[in-house]
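Chemist: Below you'll find the structure I mean.
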Amino acid sequence: MTYLDHAATTDVRPEVIAAMAATLGATGNASSLHAAGRQARKLVEVAREQVASALDCLPSEVVFTSGGTEADNLAVKGLYWSRHKADARRVRILASAVEHHAVLDPVQWLVDFEGASVEWLPVDELGVVDVAALQASVERDPDSVALITVMWANNEVGSVQPIEDVVAIAGAHNIPVHSDAVQVIGALPISFKQSGLDAMTISGHKLGGPMGVGALLLKREHKPVPVLHGGGQEREIRSGTLSTHLIVGFGLAVSLACAAQAAHAQHLRELRDELMETVKASVDGVHLRGAIDEADAVRRLPGNAHFTFDGCEGDALLMLLDAAGVQVSTGSACTAGIPQPSHVLLAMGVPVSDAVGALRFSLGRTSTSADIVALGAALPAAVERARRAGKALKSQN
Amino acid sequence: MRVLAALSGGVDSAVAAARVVAAGHEVTGVHLALSANPQSFRSGARGCCSLEDSRDARRAADVLGIPFYIWDMAEEFKAGVVDDFLAEYSEGRTPNPCLRCNEKIKFSALLDRALALGFDAVCTGHYALVSRDADGTMALRRAVDPQKDQSYVLGVLEQWQLDRAMFPVGDTTKPDIRLEAESMDLLVAKKPDSHDICFIPDGDTAGFLQSRLGEQPGQIVDAESGAVLGTHQGAHTFTIGQRRGLALGVPADDGAPRYVTGIDVKSRTVMVGPPRLLEVNCVRGVKPTWTQSPIAAGAKLGMQWRAHGTEVACTVTEVSEDSLTFVTDSFIKGVAPGQQAVFYDGDRVVGSVMIDSSSRI
């Protein structure tokens, strides 16, 4: 089996599995005051320090959550509510048009139910946020902006976003900035402190940790209104019993991923370039989507390759490759598994007819050249068949 | 063979797929998403467009150990089935959307895509039989279980489709299919049957038509005297042969119940009258289809014109590429334009025609 969907989820590191297994059997609630509770608390706090140390933030800035989606919801809704409460003029949310649904949908929910208004920031044909548009939007009425949210790198086409510019524009008006960074931890060098971000979402299972755990890194001066109310375990911002074994696994995984970042990125980049060459060499009518690295700057996630295939439907290609033992993604959002043209590609100006032919290939720690060879062997027949199927459907309609 | 199993999320298609797997074929499961806005849960024994159904289909595929995908055919379904349904009713005709779905979706859009993607056949949970005759052509026949027989709604299929269709449950009764599902730990074993039109989940066809086609009030008149008996909110919500829902305050002179005997969409007039006006024996249809080869005039066949209707004897009196006329041995009631007449020779489906008009001779 060839697994080329590491952006969806990737292998859990063996050290992480061992650490979690060693913890899972231990009784103890990190909020309890007795010895067993103290032991659990110690494990949680060690993990918090691992995350803080790896991502250059304070331990108190780490708010553990159930994963990336919860962290995104907490940042977007929580900061909107707290900022709006402090000043009722703040109703605008500026968000990139290529955000993950975990950001898109909470923003849209605030618009639909809480009286917020959103401005979807346009992106260029490479999927990179238009900084000038952001600047114009902010400066039109900075006092009415509740928050800005721009992902660090796009999960579909891999384009790295100009976070530094976004933070600079927002900083001039003291507007908080959130960034969904789940795709970049372990892939790019990340310092929360140096980024200047107010809030940053990270997730365990994208970097060799377990599913069901993540964190919102949050500057101490912010107190978003909670999404989950209860015991107030995490800074009174997030409630719910802390999952000791998940947090232990998460802390270790973040620590290992960040320590290995440079070598890991190099490994991914080499394989990715090989993959891109292989795809282009094995089929015609294929277009790379998203940004490419420049001599002096990383513009794309090292493990991401994204193409549209002329005359194909991505889900037909996915099925044919799956049958040939090669597992990839269309990269687009699904409702009950129903493929839709990607909002990211549409925002980049890709026509619907091309957008339906998208496939994302994403590499990870366990990827090897053999995976690329397997893809190269399976791809031509799959593309040829998918094109025939596409034509059959067109002629019928 | 490489077989694409259409999994609705119900028990029949799950067992059908299981049987094809057991026969040693390479099977891939596909659930068709037919609604652009699927509802989350099924309500009772209604149709099959819910997220719960797609989950049930997925779980059946898991149990069978076959790959599973969802194919979005909402656009094709809307154009080929829902819009057709509305257009037919707005013309005062009575369509059968399940038959249309088999003709335009399952054995057209789905089959075309399956063949193009390298599959050899499509398998569904329909209760019907396909078998190969001595000359190599495929025959479509009634299912073993007369209660469940669905050969009628497959009656529009032609040779090229039958040649690539598999109906593995047609040789078994429904109770036995449920037992078989249970023996394989398929959780859908006890799921209720779906009966109604899947895109009208609350079963209120008149309400659905009213909401889509709007209110078009008109008169209800006596078919014989022409006297105005009442009003209605839209001729399209009536079907020929319908008795209930006329809401006529005045009883007929003889006290006998009155039925819808005719619909004139242009003048928005619904004609009602005694049941003898519904009795016809000569029916003309258009767009004949043939499972094997066309039948010549003079052929004596069985004819069924409703999904769960009885079969009557008839003689084909005229047949061309575009039309066909037949005369039934006895008078029949409740024949409406838009219905499909499906012809049988014994248990074999011969072909079909869409009813256009009927009369007494």
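Lettering and numbering for the structure tokens are positional, with chains as A, B, ... in the shown order, residues counted from 1 in each chain, and ligands counted from 1 in the shown order.
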Given a cut-off of 8 Å, which residues of chain B touch chain A, counting only C-alpha atoms, written out as a PyMOL selection string?
Modeler: chain B and resi 33+51+54+69-72+109+112-113+115-118
Chemist: Restricting the calculation to only C-alpha atoms: of A:Leu268, A:Val160, A:Val356, A:Val184, which residue gets closest to Glu313 (chain A)?
Modeler: A:Val356
Chemist: So that I can see what lies close to Val169 (chain B), please list as JSON, numbers by chain the residues with an atom at most 8 Å from it, counting only C-alpha atoms and leaving out residues fewer than 3 positions away in the same chain.
Modeler: {"B": [12, 15, 16, 125, 126, 127, 128, 172, 173, 177]}
Chemist: Selection from above, C-alpha atoms, as a PDB file, in the first residue's frame, can you write it?
Modeler:
ATOM      1  CA  ASP B  12     -31.697  -5.778  -0.290  1.00  0.00           C
ATOM      2  CA  VAL B  15     -27.361  -8.803   0.506  1.00  0.00           C
ATOM      3  CA  ALA B  16     -27.157  -8.413  -3.277  1.00  0.00           C
ATOM      4  CA  GLY B 125     -30.983  -4.982  -4.750  1.00  0.00           C
ATOM      5  CA  HIS B 126     -33.967  -5.024  -7.101  1.00  0.00           C
ATOM      6  CA  TYR B 127     -36.292  -7.998  -6.924  1.00  0.00           C
ATOM      7  CA  ALA B 128     -36.163  -9.256 -10.493  1.00  0.00           C
ATOM      8  CA  THR B 172     -35.291 -15.227  -2.971  1.00  0.00           C
ATOM      9  CA  THR B 173     -38.188 -14.024  -0.836  1.00  0.00           C
ATOM     10  CA  ILE B 177     -33.130 -11.991   2.466  1.00  0.00           C
TER      11      ILE B 177
END
Chemist: For Val11 (chain B), which residue out of B:Leu186, B:Leu229, B:Cys123, B:Ile200 is the nearest one, using only C-alpha atoms?
Modeler: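 Nearest to Val11 (chain B): B:Leu186.
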Chemist: What is the distance between CA of Gly273 (chain B) and CA of Asp222 (chain B), in Å to one decimal?
Modeler: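 Computing it gives 5.9 Å between the two atoms.
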Chemist: What are the DSSP strand (DSSP E or B) residues of region 127-304 of chain B, as a ChimeraX atom specification?
Modeler: /B:128-132,138-142,165-166,216,218-222,228-232,234,259-264,269-273,280-290,300-304
Chemist: What does the distance between CA of Val312 (chain B) and CA of Lys287 (chain B) come to in Å, to one decimal place?
Modeler: 20.8 Å
Chemist: Would you pick out the contacts of Ala36 (chain A) at 8 Å or less, using only C-alpha atoms, so that residues sharing its chain but fewer than 6 positions from it are not included, and give the list as a ChimeraX atom specification?
Modeler: /A:27-29
Chemist: Taking only residues of region 80-122 of chain B that have an atom at most 12 Å from an atom of region 129-152 of chain B, what is each one's shortest atom pair and its distance in Å to one decimal, using only C-alpha atoms, in chain and number order, as CSV?
Modeler:
residue,atom,partner,partner_atom,distance
B:Asn96,CA,B:Tyr152,CA,10.4
B:Cys98,CA,B:Tyr152,CA,9.9
B:Leu99,CA,B:Tyr152,CA,7.8
B:Arg100,CA,B:Tyr152,CA,11.4
B:Asn102,CA,B:Tyr152,CA,10.7
B:Glu103,CA,B:Tyr152,CA,11.8
Chemist: Near region 14-21 of chain A, within 12 Å and counting only C-alpha atoms, which residues show up once chain neighbours fewer than 2 positions away are dropped, as a PyMOL selection string?
Modeler: chain A and resi 11-12+23-26+43-44+47+204-205+207-211+243-257+365-366
Chemist: Just checking: using only C-alpha atoms, which residue out of A:Ala133, A:Ala35, A:Ala54, A:Val98 ends up closest to Ser342 (chain A)?
Modeler: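 The shortest atom-to-atom distance to Ser342 (chain A) comes from A:Val98.
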Chemist: Which residues, written as a ChimeraX atom specification, have at least one atom at most 9 Å from Thr237 (chain B), with only C-alpha atoms counted and residues fewer than 4 positions away on the same chain left out?
Modeler: /B:89-90,92,205-207,209-210,233
Chemist: Please dump the current selection as a tab-separated table (two decimals), in the first residue's frame; keep C-alpha atoms.
Modeler:
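out.tsv written:
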chain	number	residue	atom	x	y	z
B	89	TYR	CA	-47.63	16.35	-13.36
B	90	SER	CA	-47.82	19.90	-14.65
B	92	GLY	CA	-51.66	16.45	-16.18
B	205	THR	CA	-47.04	14.18	-2.87
B	206	ALA	CA	-49.88	16.68	-3.32
B	207	GLY	CA	-48.14	19.12	-0.95
B	209	LEU	CA	-46.45	19.35	-6.13
B	210	GLN	CA	-48.32	22.32	-4.74
B	233	GLN	CA	-56.11	24.34	-6.10
Chemist: What's the 10 Å shell around Pro175 (chain B), counting only C-alpha atoms, without same-chain residues fewer than 4 positions away, as a list of chain:residue names?
Modeler: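 In the requested form, the answer reads B:Asp145, B:Leu179, B:Glu180, B:Ala181, B:Ala189.
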Chemist: Can I get the selection written as a tab-separated table (two decimals), in the first residue's frame, with N, CA and C atoms?
Modeler:
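Okay, result33.tsv is ready:
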chain	number	residue	atom	x	y	z
B	145	ASP	N	-40.42	-13.77	-5.49
B	145	ASP	CA	-41.35	-13.28	-4.47
B	145	ASP	C	-42.34	-12.31	-5.10
B	179	LEU	N	-33.18	-12.81	6.74
B	179	LEU	CA	-32.47	-13.84	7.52
B	179	LEU	C	-31.01	-13.93	7.07
B	180	GLU	N	-30.82	-13.86	5.77
B	180	GLU	CA	-29.45	-13.95	5.23
B	180	GLU	C	-28.61	-12.77	5.72
B	181	ALA	N	-29.23	-11.59	5.74
B	181	ALA	CA	-28.52	-10.41	6.22
B	181	ALA	C	-28.15	-10.58	7.69
B	189	ALA	N	-30.31	-5.59	8.57
B	189	ALA	CA	-31.22	-6.73	8.41
B	189	ALA	C	-32.65	-6.37	8.79
